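Visitor: One structure, pasted below without further comment.
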Amino acid sequence: MTPRPRRGAVAAAALAALAAVAGCGERPTTHHRPGSDHRPVSGTVSTPGPAHEHGGHRTRDVPAAGAPAVRLEVRRDSESGWNVHVIAERFTFTPESVGGAALPGTGHAHLYLDGEKIARMYAPWHHLAPAAVPPGPHTLTVRLSADDHTIWSVGGKPVEASAPIEGEGGGGATAAAKADETITVRIAGGRVSPPPGRVEIAKGRRVRIEVTGDKPDTVHVHGFDIERALTPGTPAVVEFTADRTGLFEVETHDSRLVLTQLVVR
Amino acid sequence: MSLLRKLTVAAALVLACVAQAAPALAHEERPVDFPDGSGSVPVYRTTGPELLVCKTDRADFERRIAGFAPDLRSENRRLFDRCRKEGFRHLQEAVNAVKGPGYRIKILPGVYLEEPSLPAPTGACASLNARWSSWGYQILSFEQQRQCPHNQNLVAILGIRDLQVEGTGATPRDVIIDAQYKKLNAVRADMANGIYFRNFTAQRTTFNSLYILATDGFVIDRMLTRWNDEYGFLTFASDHGLYTDCESHGNGDSGIYPGSASDINDGRGHDVPRYSIEIRRCKSYQNMVGYSGTAGDSVWAHDNDFFDNIAGASMDSLFPGHPGLPQNHAKFERNRIYDNNKDYYKYVRDGTCAKPPGQRGYESGVVCPQIGAARGVGILTAGGNHNIFRDNWIYGHERAAFMLLWAPAFLRGEEALGKQADTSHDNFYGGNKLGVAPDGSARPNATEVFWDGQGSRNCFDGAGPTSPYVVPKCGAKPGDLAGPATNRLIGEPSKMVHSLVCAEYSIADRRIPAGCDWFGATGLARVEVQVALGTSVFLGLVVLLLWARRLRGSRAGAVSALLALAGLVVDVFGAAADHTLLPAIGLLLLGAGLTGMGLVLRREYRFFGGATVLMGVLTLADAVDKSLIMIPWIPVGPAWARGLLAVVWVLWAVVRLAPRPRPSAGAPASPAPAGASA
């Protein structure tokens, strides 16, 4: 009866009509209309493992079920060098968020030649130039890394894959010739031969360690933080310049054998 | 008055969508009221029970404190030794150990992921009886937050009084609470009167890093927040607050959000006894906006730096659910607001923002703007009263130093007719240093003001270009104007259309309006130019037909039609540059032309000719309004009256243009030989 409700009704009707005409959607009921996806990340990851492992990068454990997995293929390029293919499962390359938080199943890959990091990979394919691989046999390893550069791992062991690669321009002898000291170690049945001892090396000398084992393992030179995957029957070669003084152990990760001790003076 | 009201309502309805245009920002939360205001701003304490939080890896700790000054390093070592024996490993554990008011928690250098808080809710917490918001989370009551503190929060401080939480590092970056995008909030202080946060970082959430709610008395001191979907610091429905020396960046909404600050000065003029929240010496950059506040009432922001955002600062009255609407009594003084021109919309276009939050790359500079903010603006007010902006340095903006828009009350859920125009009034934009950096170098803003013309007693600085071309100038102090005030109920039509188009932005739908210059439209692509072009072509056609059919015999009629056509052409160019005299020149030509045409037409068509003259006069008035002085006293701009009359006039012209029956042989010749064109 009073004009007020009528006016209100007119206004309401006009509002509805106008909203429809303008196509501007619903008036927000409380706040600004929903924006981007705000869903928190799900899945569990552990805190990073201790430092100084695995080439300076900490590991970050995930449960074995659902953990990412990786394979590595190395193909010769028809022109030069090699094409490296990282086949990762349950893993997405997320180059845009590198440096960000460790989110399960995401990140990038680190590529190592004989345990020395040579590239960060933001996609499954990578071209390796001939100069990147010195002459002789080497081991190429890929590890999956989180955005925060921790290495994804299961039970403390990095999610990784290795493949042999042969540098152009000569065999192992050439490489060996460059080394000032060559240490050859053989592991069989859990025994190390020659028995572990100390090798004295002058600072600045080039050291080459060749390890042959009968089980898959990882060779680790402490202090220099160099690692090599050990494949049964194939010598794992570690070559480096002893540029710091001290006592450094060379050991295997899984079997926890001390192979030798380097005394650099 | 009846017509006026109808006009108001119509315009208000058109603005129904504008709400979504301006950066009015918030979150969905349980209904809360203001605290009673009986508290006070807490003071930093060195007394009271002390709890320590640290990690146990000494080597890591030593590395973190290696660069500290000797005194600080030894103090941290002392605390570390104690903490390893008697301290906590997670901040939440220490919070849970607080037995009463007055505790202090010291967090030692390290990164705190708060692992015990991370597992997904189980049991009763997985099935709480609470409404789901459209954002995808539940609106929990305070009791439910207490029952399940980690459903949404990494660290929850609920109902604890006078707690002080501080990092013991050299900078906030030495102590990091990292939510890793696994929680809505990194730290939530809810009904925690007297809370004092100092010297640490909170980061990486899908909503807010530091959230203070319904709290009387809080301090945010030397804190850093970064990389959030929405806000760095969010304080809501709180009083007696102080942000000091804080820093925030990388937020999809704003770095600093003092929304619904206690509305203690409602109903007062410019003289107020106190402010509810003070924000000083803070830096907010690389966000959608540096500062924002729906119902950011009685906030005193001074000596801050807001830069490298899409827009510098905003406040508004656009959304319901905020106690204290409409927004009022913000005071901005001595802030440096500059270079807010970032185009973060590119990350919406290229799909980056459609990825899950943690994969967008916030850490490397990606910002996903949650709503469409006006790019290149220093301070934006979308519905606010009695705000004071003075003594600020505002420079280097590609659009405007100040933007002021109307926000009709129904947008915030109040549909009483009398309230529709209760913003934006009494805003004082005076005595600022515009286009000049503090070192005195010239860093001009493209324009100083972008205003839709609505509201009463608003005033502006005005040495540089403004849109509209003339604006009311400020007097010496807030409340004083240098000339007559304007009192308009609704904004300029072209600016409302512009807002309507820009409002269509949606990050969720990856919809970026092509016609809105905020998102990069230029030239003919801009909606205001398209509307002007369409209108000019249409009116031009009518003018041409009138000349051809009714004015051909009259030299004055031909000259007038030519003037009108020239005016319509200029008007198109003026639409893209309404901070210049072009629109006024266009209107002057058009007004003169229409007046002339009307006078000639009156000879034959008394009333239609008269209506044409009236169109011309209103257009001339619009020209005056846009060049000499914004005409005071009138409740709507001349553009509205002109636009409405134009609808009638065009229809009338169509009737008058219809072919007439041939005059009989004996009839006298008409002054305009219409038959010639047949």
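As shown in the structure tokens, the chain order sets the letters A, B, ...; within each chain, residues go from 1, and ligands are also counted from 1 in the order they appear.
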Give me the residues within 10 Å of Val471 in chain B as number ranges by chain, counting only C-alpha atoms and dropping any in the same chain fewer than 5 places off.

Guide: B: 449-451, 453, 458-462, 465-466, 483, 485-486, 625-631

Visitor: Mind checking DSSP for range 122-326 of chain B and telling me the helix (DSSP H, G or I) residues as a ChimeraX atom specification?

Guide: /B:123-127,142-147,172-174

Visitor: Between A:His85, A:Arg90, A:Arg76, A:Arg58, which is the closest to Ser162 in chain A once you count only C-alpha atoms?

Guide: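 Checking each candidate against Ser162 in chain A, we get A:His85 as the closest.
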
Visitor: What's the separation between CA of Ala407 in chain B and CA of Asp308 in chain B, in Å to one decimal place?

Guide: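 Computed distance, CA of Ala407 in chain B to CA of Asp308 in chain B, equals 26.4 Å.
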
Visitor: Set the distance at 10 Å and use only C-alpha atoms: which residues neighbour Tyr257 in chain B once local chain neighbours fewer than 4 positions away are removed? I'd like the list as a compact mmCIF listing (two decimals) with all heavy atoms, in the first residue's frame.

Guide:
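Final output, around.txt:
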```
# COMPACT_ATOMS: atom_id res chain seq x y z
N LEU B 25 38.97 -5.61 -1.58
CA LEU B 25 39.68 -6.83 -1.35
C LEU B 25 39.34 -7.39 -0.01
O LEU B 25 39.15 -6.68 0.93
CB LEU B 25 41.14 -6.48 -1.41
CG LEU B 25 41.34 -5.36 -2.39
CD1 LEU B 25 42.55 -4.61 -2.12
CD2 LEU B 25 41.31 -5.87 -3.78
N ALA B 26 39.29 -8.65 0.05
CA ALA B 26 39.07 -9.23 1.35
C ALA B 26 39.11 -10.72 1.27
O ALA B 26 39.69 -11.30 0.38
CB ALA B 26 37.77 -8.75 1.94
N TYR B 211 47.87 -13.10 9.82
CA TYR B 211 46.45 -12.78 9.87
C TYR B 211 46.06 -12.45 11.31
O TYR B 211 46.19 -13.30 12.19
CB TYR B 211 45.68 -14.00 9.36
CG TYR B 211 44.18 -13.88 9.26
CD1 TYR B 211 43.55 -12.66 9.30
CD2 TYR B 211 43.40 -15.02 9.11
CE1 TYR B 211 42.17 -12.58 9.21
CE2 TYR B 211 42.02 -14.95 9.01
CZ TYR B 211 41.41 -13.72 9.07
OH TYR B 211 40.05 -13.63 8.97
N GLU B 230 46.88 -14.15 -1.65
CA GLU B 230 46.09 -12.95 -1.38
C GLU B 230 46.91 -11.87 -0.65
O GLU B 230 47.41 -10.96 -1.28
CB GLU B 230 44.84 -13.30 -0.57
CG GLU B 230 43.86 -14.19 -1.32
CD GLU B 230 42.90 -13.42 -2.22
OE1 GLU B 230 42.74 -12.21 -2.02
OE2 GLU B 230 42.29 -14.05 -3.11
N TYR B 231 47.05 -11.98 0.66
CA TYR B 231 47.62 -10.87 1.42
C TYR B 231 48.90 -11.24 2.16
O TYR B 231 49.06 -12.37 2.61
CB TYR B 231 46.61 -10.37 2.46
CG TYR B 231 45.26 -10.08 1.88
CD1 TYR B 231 44.23 -10.99 2.01
CD2 TYR B 231 45.03 -8.91 1.17
CE1 TYR B 231 42.99 -10.75 1.45
CE2 TYR B 231 43.79 -8.66 0.61
CZ TYR B 231 42.77 -9.58 0.76
OH TYR B 231 41.57 -9.34 0.19
N GLY B 232 49.74 -10.26 2.33
CA GLY B 232 50.89 -10.42 3.20
C GLY B 232 50.46 -10.28 4.65
O GLY B 232 50.45 -11.25 5.41
N PHE B 233 50.07 -9.07 5.02
CA PHE B 233 49.51 -8.81 6.35
C PHE B 233 48.02 -8.55 6.19
O PHE B 233 47.62 -7.68 5.43
CB PHE B 233 50.14 -7.57 6.98
CG PHE B 233 51.63 -7.67 7.14
CD1 PHE B 233 52.48 -7.01 6.26
CD2 PHE B 233 52.19 -8.40 8.17
CE1 PHE B 233 53.86 -7.10 6.40
CE2 PHE B 233 53.57 -8.49 8.32
CZ PHE B 233 54.41 -7.84 7.44
N LEU B 234 47.22 -9.30 6.90
CA LEU B 234 45.78 -9.07 6.90
C LEU B 234 45.34 -8.86 8.33
O LEU B 234 45.45 -9.75 9.17
CB LEU B 234 45.06 -10.28 6.30
CG LEU B 234 43.54 -10.32 6.41
CD1 LEU B 234 42.90 -9.17 5.66
CD2 LEU B 234 42.99 -11.62 5.87
N THR B 235 44.88 -7.64 8.63
CA THR B 235 44.32 -7.40 9.96
C THR B 235 42.87 -7.01 9.75
O THR B 235 42.56 -6.20 8.87
CB THR B 235 45.08 -6.30 10.71
OG1 THR B 235 45.05 -5.08 9.95
CG2 THR B 235 46.52 -6.71 10.93
N PHE B 236 41.98 -7.59 10.54
CA PHE B 236 40.56 -7.44 10.25
C PHE B 236 39.79 -7.26 11.55
O PHE B 236 40.07 -7.94 12.54
CB PHE B 236 40.06 -8.68 9.50
CG PHE B 236 38.73 -8.50 8.82
CD1 PHE B 236 38.64 -7.83 7.62
CD2 PHE B 236 37.57 -8.99 9.40
CE1 PHE B 236 37.42 -7.66 7.00
CE2 PHE B 236 36.34 -8.82 8.78
CZ PHE B 236 36.27 -8.15 7.58
N ASP B 253 46.93 -10.06 -3.90
CA ASP B 253 46.06 -8.94 -3.58
C ASP B 253 46.94 -7.82 -3.04
O ASP B 253 47.65 -7.20 -3.80
CB ASP B 253 44.97 -9.38 -2.59
CG ASP B 253 43.69 -8.60 -2.84
OD1 ASP B 253 43.81 -7.37 -2.89
OD2 ASP B 253 42.62 -9.19 -2.98
N ALA B 261 39.10 -1.88 9.92
CA ALA B 261 39.69 -1.34 11.15
C ALA B 261 38.56 -0.69 11.93
O ALA B 261 37.59 -0.21 11.35
CB ALA B 261 40.77 -0.33 10.80
N VAL B 289 48.16 -4.59 -5.25
CA VAL B 289 48.24 -3.25 -4.68
C VAL B 289 49.11 -3.30 -3.42
O VAL B 289 49.14 -4.31 -2.72
CB VAL B 289 46.86 -2.64 -4.33
CG1 VAL B 289 46.13 -2.22 -5.58
CG2 VAL B 289 46.03 -3.60 -3.54
N GLY B 290 49.77 -2.20 -3.16
CA GLY B 290 50.64 -2.18 -1.99
C GLY B 290 49.85 -2.23 -0.70
O GLY B 290 50.18 -2.96 0.23
N TYR B 291 48.76 -1.45 -0.67
CA TYR B 291 47.91 -1.32 0.52
C TYR B 291 46.48 -1.39 0.05
O TYR B 291 46.15 -0.86 -1.00
CB TYR B 291 48.19 0.04 1.16
CG TYR B 291 47.16 0.57 2.16
CD1 TYR B 291 47.49 0.67 3.51
CD2 TYR B 291 45.90 1.01 1.75
CE1 TYR B 291 46.58 1.19 4.43
CE2 TYR B 291 44.99 1.51 2.66
CZ TYR B 291 45.32 1.61 3.99
OH TYR B 291 44.43 2.12 4.90
N SER B 292 45.63 -2.06 0.80
CA SER B 292 44.21 -1.97 0.46
C SER B 292 43.38 -2.17 1.71
O SER B 292 43.84 -2.74 2.69
CB SER B 292 43.82 -3.00 -0.60
OG SER B 292 43.84 -4.29 -0.04
N GLY B 293 42.14 -1.70 1.65
CA GLY B 293 41.28 -1.88 2.80
C GLY B 293 39.83 -1.60 2.48
O GLY B 293 39.43 -0.45 2.33
N THR B 294 39.04 -2.67 2.36
CA THR B 294 37.60 -2.48 2.36
C THR B 294 37.24 -2.08 3.78
O THR B 294 37.64 -2.77 4.72
CB THR B 294 36.88 -3.78 1.96
OG1 THR B 294 37.30 -4.14 0.65
CG2 THR B 294 35.37 -3.60 1.98
N GLY B 296 38.56 0.25 5.36
CA GLY B 296 39.80 0.62 6.05
C GLY B 296 39.58 1.93 6.78
O GLY B 296 40.04 2.98 6.35
N ALA B 313 47.87 2.12 -3.64
CA ALA B 313 47.04 1.89 -2.46
C ALA B 313 45.59 2.04 -2.85
O ALA B 313 45.26 2.78 -3.78
CB ALA B 313 47.39 2.89 -1.36
N SER B 314 44.72 1.33 -2.16
CA SER B 314 43.30 1.47 -2.45
C SER B 314 42.48 1.31 -1.18
O SER B 314 42.91 0.65 -0.24
CB SER B 314 42.84 0.43 -3.48
OG SER B 314 42.59 -0.80 -2.84
N MET B 315 41.34 1.96 -1.17
CA MET B 315 40.37 1.73 -0.09
C MET B 315 38.98 1.82 -0.71
O MET B 315 38.80 2.49 -1.72
CB MET B 315 40.56 2.71 1.05
CG MET B 315 40.45 4.14 0.68
SD MET B 315 41.69 5.12 1.55
CE MET B 315 43.19 4.61 0.75
```

Visitor: Between B:Gly241, B:Asn445, B:Lys419, B:Ala374, which one has atoms that come closest to Ala401 in chain B, using only C-alpha atoms?

Guide: B:Asn445

Visitor: Near Gly246 in chain A, within 12 Å and counting only C-alpha atoms, which residues show up once chain neighbours fewer than 3 positions away are dropped, as a PDB file with N, CA and C atoms, in the first residue's frame?

Guide:
```pdb
ATOM      1  N   ARG A 198      96.460 -45.388   3.688  1.00  0.00           N
ATOM      2  CA  ARG A 198      96.534 -43.963   3.437  1.00  0.00           C
ATOM      3  C   ARG A 198      97.439 -43.699   2.244  1.00  0.00           C
ATOM      4  N   VAL A 199      96.985 -42.819   1.393  1.00  0.00           N
ATOM      5  CA  VAL A 199      97.791 -42.426   0.246  1.00  0.00           C
ATOM      6  C   VAL A 199      98.121 -40.948   0.394  1.00  0.00           C
ATOM      7  N   GLU A 200      99.378 -40.657   0.386  1.00  0.00           N
ATOM      8  CA  GLU A 200      99.779 -39.250   0.534  1.00  0.00           C
ATOM      9  C   GLU A 200      99.861 -38.584  -0.829  1.00  0.00           C
ATOM     10  N   ILE A 201      99.286 -37.406  -0.894  1.00  0.00           N
ATOM     11  CA  ILE A 201      99.231 -36.697  -2.175  1.00  0.00           C
ATOM     12  C   ILE A 201      99.616 -35.242  -1.930  1.00  0.00           C
ATOM     13  N   ALA A 202     100.430 -34.712  -2.805  1.00  0.00           N
ATOM     14  CA  ALA A 202     100.803 -33.295  -2.674  1.00  0.00           C
ATOM     15  C   ALA A 202      99.644 -32.431  -3.172  1.00  0.00           C
ATOM     16  N   LYS A 203      99.423 -31.352  -2.462  1.00  0.00           N
ATOM     17  CA  LYS A 203      98.317 -30.461  -2.838  1.00  0.00           C
ATOM     18  C   LYS A 203      98.501 -29.968  -4.279  1.00  0.00           C
ATOM     19  N   HIS A 222      84.909 -37.994   0.278  1.00  0.00           N
ATOM     20  CA  HIS A 222      84.546 -36.948   1.242  1.00  0.00           C
ATOM     21  C   HIS A 222      85.431 -35.717   1.054  1.00  0.00           C
ATOM     22  N   GLY A 223      84.931 -34.618   1.535  1.00  0.00           N
ATOM     23  CA  GLY A 223      85.713 -33.378   1.445  1.00  0.00           C
ATOM     24  C   GLY A 223      85.588 -32.736   0.081  1.00  0.00           C
ATOM     25  N   PHE A 224      85.744 -33.545  -0.958  1.00  0.00           N
ATOM     26  CA  PHE A 224      85.567 -33.019  -2.309  1.00  0.00           C
ATOM     27  C   PHE A 224      84.128 -33.238  -2.783  1.00  0.00           C
ATOM     28  N   ALA A 242      93.466 -32.380  -6.253  1.00  0.00           N
ATOM     29  CA  ALA A 242      93.482 -32.297  -4.785  1.00  0.00           C
ATOM     30  C   ALA A 242      93.881 -30.879  -4.386  1.00  0.00           C
ATOM     31  N   ASP A 243      92.884 -30.011  -4.380  1.00  0.00           N
ATOM     32  CA  ASP A 243      93.198 -28.597  -4.189  1.00  0.00           C
ATOM     33  C   ASP A 243      92.989 -28.136  -2.752  1.00  0.00           C
ATOM     34  N   GLU A 249      88.326 -39.364   3.356  1.00  0.00           N
ATOM     35  CA  GLU A 249      88.003 -40.776   3.163  1.00  0.00           C
ATOM     36  C   GLU A 249      87.321 -40.987   1.827  1.00  0.00           C
ATOM     37  N   GLN A 261      92.159 -43.772   2.202  1.00  0.00           N
ATOM     38  CA  GLN A 261      92.160 -42.439   2.796  1.00  0.00           C
ATOM     39  C   GLN A 261      93.217 -41.610   2.073  1.00  0.00           C
ATOM     40  N   LEU A 262      92.825 -40.413   1.717  1.00  0.00           N
ATOM     41  CA  LEU A 262      93.755 -39.530   1.010  1.00  0.00           C
ATOM     42  C   LEU A 262      94.295 -38.517   2.004  1.00  0.00           C
ATOM     43  N   VAL A 263      95.593 -38.413   2.098  1.00  0.00           N
ATOM     44  CA  VAL A 263      96.194 -37.374   2.942  1.00  0.00           C
ATOM     45  C   VAL A 263      96.797 -36.342   2.000  1.00  0.00           C
ATOM     46  N   VAL A 264      96.150 -35.222   1.920  1.00  0.00           N
ATOM     47  CA  VAL A 264      96.630 -34.175   1.008  1.00  0.00           C
ATOM     48  C   VAL A 264      97.408 -33.154   1.834  1.00  0.00           C
ATOM     49  N   ARG A 265      98.657 -32.933   1.471  1.00  0.00           N
ATOM     50  CA  ARG A 265      99.486 -31.961   2.218  1.00  0.00           C
ATOM     51  C   ARG A 265      99.937 -30.852   1.292  1.00  0.00           C
TER      52      ARG A 265
END
```

Visitor: Under the rule that only C-alpha atoms are counted, which of A:Ala123, A:Ala146, A:Ile118, A:Leu111 is the nearest residue to chain B?

Guide: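 Looking only at the distances to chain B, the closest residue turns out to be A:Ala146.
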
Visitor: Applying 7 Å and only C-alpha atoms, which residues near Ile187 in chain A remain after dropping the ones on its own chain fewer than 5 positions away? List them as a list in words.

Guide: Val192, Ser193, Thr212, Gly213 and Asp214 of chain A

Visitor: Go ahead and save the residues from that selection, with N, CA, C and O atoms, as a compact mmCIF listing (two decimals), in the first residue's frame.

Guide:
```
# COMPACT_ATOMS: atom_id res chain seq x y z
N VAL A 192 87.88 -55.20 0.38
CA VAL A 192 88.51 -54.18 -0.46
C VAL A 192 89.96 -54.59 -0.69
O VAL A 192 90.67 -54.94 0.25
N SER A 193 90.35 -54.54 -1.94
CA SER A 193 91.76 -54.82 -2.22
C SER A 193 92.30 -53.74 -3.16
O SER A 193 91.59 -53.36 -4.11
N THR A 212 86.38 -50.80 -8.98
CA THR A 212 85.58 -51.84 -9.62
C THR A 212 84.92 -52.66 -8.51
O THR A 212 85.59 -53.04 -7.55
N GLY A 213 83.63 -52.86 -8.62
CA GLY A 213 82.92 -53.59 -7.57
C GLY A 213 82.09 -54.72 -8.13
O GLY A 213 81.92 -54.83 -9.36
N ASP A 214 81.56 -55.53 -7.22
CA ASP A 214 80.71 -56.63 -7.66
C ASP A 214 79.24 -56.41 -7.31
O ASP A 214 78.42 -57.28 -7.48
```

Visitor: Which one is closest to chain B: A:Gly100, A:Val86, A:Phe93, A:Leu72? Count only C-alpha atoms.

Guide: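 Of A:Gly100, A:Val86, A:Phe93, A:Leu72, the one nearest chain B is A:Gly100, counting only C-alpha atoms.
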
Visitor: Which residues are near Arg131 in chain B? Cut-off 12 Å, only C-alpha atoms, ignore same chain within fewer than 2 positions. Put them as a list in words.

Guide: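 Non-adjacent residues within range: Glu28, Glu29, Arg30, Ser127, Leu128, Asn129, Ser133, Ser134, Trp135, Gly136, Tyr137, Gln138, Ile139, Leu140, Ser141 and Gln144 of chain B.
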
Visitor: So which residues of range 99-220 of chain A fall under strand (DSSP E or B) by DSSP, listed as a PyMOL selection string?

Guide: chain A and resi 106-113+116-121+125-128+136-145+151-154+157-158+160-167+181-188+191-193+198-201+206-212+217-220

Visitor: Using only C-alpha atoms, which residue out of A:Lys117, A:Arg205, A:His127, A:Arg60 lies closest to Val142 in chain A?

Guide: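 Among the listed residues, the smallest separation from Val142 in chain A belongs to A:Lys117.
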
Visitor: When you look at range 229-234 of chain A with a cut-off of 8 Å (counting only C-alpha atoms), what residues show up, excluding the ones that are within fewer than 6 positions of it in the same chain? I need them as a PyMOL selection string.

Guide: chain A and resi 114-115+139+141+162+211-219

Visitor: Once you have the residues from the selection above, write them out as a short mmCIF file (atom, residue, chain, number, x, y, z; two decimals), in the first residue's frame, restricted to all heavy atoms.

Guide:
```cif
data_model
loop_
_atom_site.label_atom_id
_atom_site.label_comp_id
_atom_site.auth_asym_id
_atom_site.auth_seq_id
_atom_site.Cartn_x
_atom_site.Cartn_y
_atom_site.Cartn_z
N ASP A 114 80.14 -37.97 -13.91
CA ASP A 114 81.04 -38.55 -12.91
C ASP A 114 80.85 -37.84 -11.56
O ASP A 114 81.82 -37.51 -10.87
CB ASP A 114 82.49 -38.43 -13.36
CG ASP A 114 82.74 -39.22 -14.64
OD1 ASP A 114 81.97 -40.17 -14.89
OD2 ASP A 114 83.66 -38.86 -15.38
N GLY A 115 79.63 -37.58 -11.21
CA GLY A 115 79.32 -37.00 -9.90
C GLY A 115 79.45 -35.50 -9.82
O GLY A 115 79.10 -34.89 -8.81
N THR A 139 80.35 -41.61 -16.45
CA THR A 139 78.99 -41.96 -16.05
C THR A 139 78.17 -40.68 -15.95
O THR A 139 78.55 -39.72 -15.29
CB THR A 139 79.00 -42.66 -14.68
OG1 THR A 139 79.86 -43.79 -14.76
CG2 THR A 139 77.60 -43.11 -14.30
N THR A 141 74.68 -39.06 -14.73
CA THR A 141 73.64 -39.36 -13.74
C THR A 141 72.64 -38.21 -13.71
O THR A 141 73.03 -37.04 -13.80
CB THR A 141 74.26 -39.53 -12.33
OG1 THR A 141 75.26 -40.55 -12.41
CG2 THR A 141 73.21 -39.90 -11.30
N SER A 162 71.41 -43.56 -13.98
CA SER A 162 72.71 -43.33 -14.58
C SER A 162 72.80 -44.03 -15.92
O SER A 162 72.07 -44.98 -16.19
CB SER A 162 73.83 -43.86 -13.66
OG SER A 162 73.87 -43.08 -12.49
N VAL A 211 87.48 -47.55 -9.30
CA VAL A 211 86.90 -48.53 -8.38
C VAL A 211 86.09 -49.54 -9.18
O VAL A 211 85.23 -49.17 -9.97
CB VAL A 211 86.00 -47.85 -7.33
CG1 VAL A 211 85.46 -48.88 -6.35
CG2 VAL A 211 86.74 -46.75 -6.61
N THR A 212 86.38 -50.80 -8.98
CA THR A 212 85.58 -51.84 -9.62
C THR A 212 84.92 -52.66 -8.51
O THR A 212 85.59 -53.04 -7.55
CB THR A 212 86.47 -52.76 -10.47
OG1 THR A 212 87.31 -51.95 -11.27
CG2 THR A 212 85.62 -53.65 -11.37
N GLY A 213 83.63 -52.86 -8.62
CA GLY A 213 82.92 -53.59 -7.57
C GLY A 213 82.09 -54.72 -8.13
O GLY A 213 81.92 -54.83 -9.36
N ASP A 214 81.56 -55.53 -7.22
CA ASP A 214 80.71 -56.63 -7.66
C ASP A 214 79.24 -56.41 -7.31
O ASP A 214 78.42 -57.28 -7.48
CB ASP A 214 81.21 -57.95 -7.06
CG ASP A 214 81.25 -57.91 -5.54
OD1 ASP A 214 81.03 -56.81 -4.97
OD2 ASP A 214 81.49 -58.96 -4.91
N LYS A 215 78.94 -55.23 -6.75
CA LYS A 215 77.55 -54.89 -6.44
C LYS A 215 77.30 -53.43 -6.83
O LYS A 215 78.22 -52.62 -6.77
CB LYS A 215 77.29 -55.02 -4.93
CG LYS A 215 77.13 -56.45 -4.45
CD LYS A 215 76.83 -56.43 -2.98
CE LYS A 215 76.76 -57.84 -2.44
NZ LYS A 215 76.72 -57.86 -0.98
N PRO A 216 76.05 -53.10 -7.16
CA PRO A 216 75.76 -51.68 -7.43
C PRO A 216 75.95 -50.87 -6.14
O PRO A 216 75.55 -51.32 -5.07
CB PRO A 216 74.29 -51.66 -7.87
CG PRO A 216 73.91 -53.08 -8.06
CD PRO A 216 74.86 -53.93 -7.30
N ASP A 217 76.55 -49.73 -6.26
CA ASP A 217 76.81 -48.92 -5.07
C ASP A 217 77.16 -47.50 -5.52
O ASP A 217 77.07 -47.17 -6.71
CB ASP A 217 77.98 -49.53 -4.27
CG ASP A 217 77.85 -49.20 -2.78
OD1 ASP A 217 77.29 -48.13 -2.48
OD2 ASP A 217 78.32 -50.01 -1.96
N THR A 218 77.55 -46.69 -4.58
CA THR A 218 77.98 -45.33 -4.90
C THR A 218 79.33 -45.08 -4.23
O THR A 218 79.48 -45.38 -3.04
CB THR A 218 76.97 -44.30 -4.39
OG1 THR A 218 75.69 -44.64 -4.90
CG2 THR A 218 77.32 -42.89 -4.86
N VAL A 219 80.25 -44.57 -4.99
CA VAL A 219 81.55 -44.22 -4.43
C VAL A 219 81.52 -42.74 -4.06
O VAL A 219 81.04 -41.91 -4.85
CB VAL A 219 82.68 -44.48 -5.46
CG1 VAL A 219 84.02 -44.04 -4.88
CG2 VAL A 219 82.70 -45.95 -5.85
#
```

Visitor: For chain B, which residue out of A:Val154, A:Val207, A:Ala102, A:Ile165 is the nearest one, using only C-alpha atoms?

Guide: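 Residue with the minimum atom-to-atom distance to chain B: A:Ala102.
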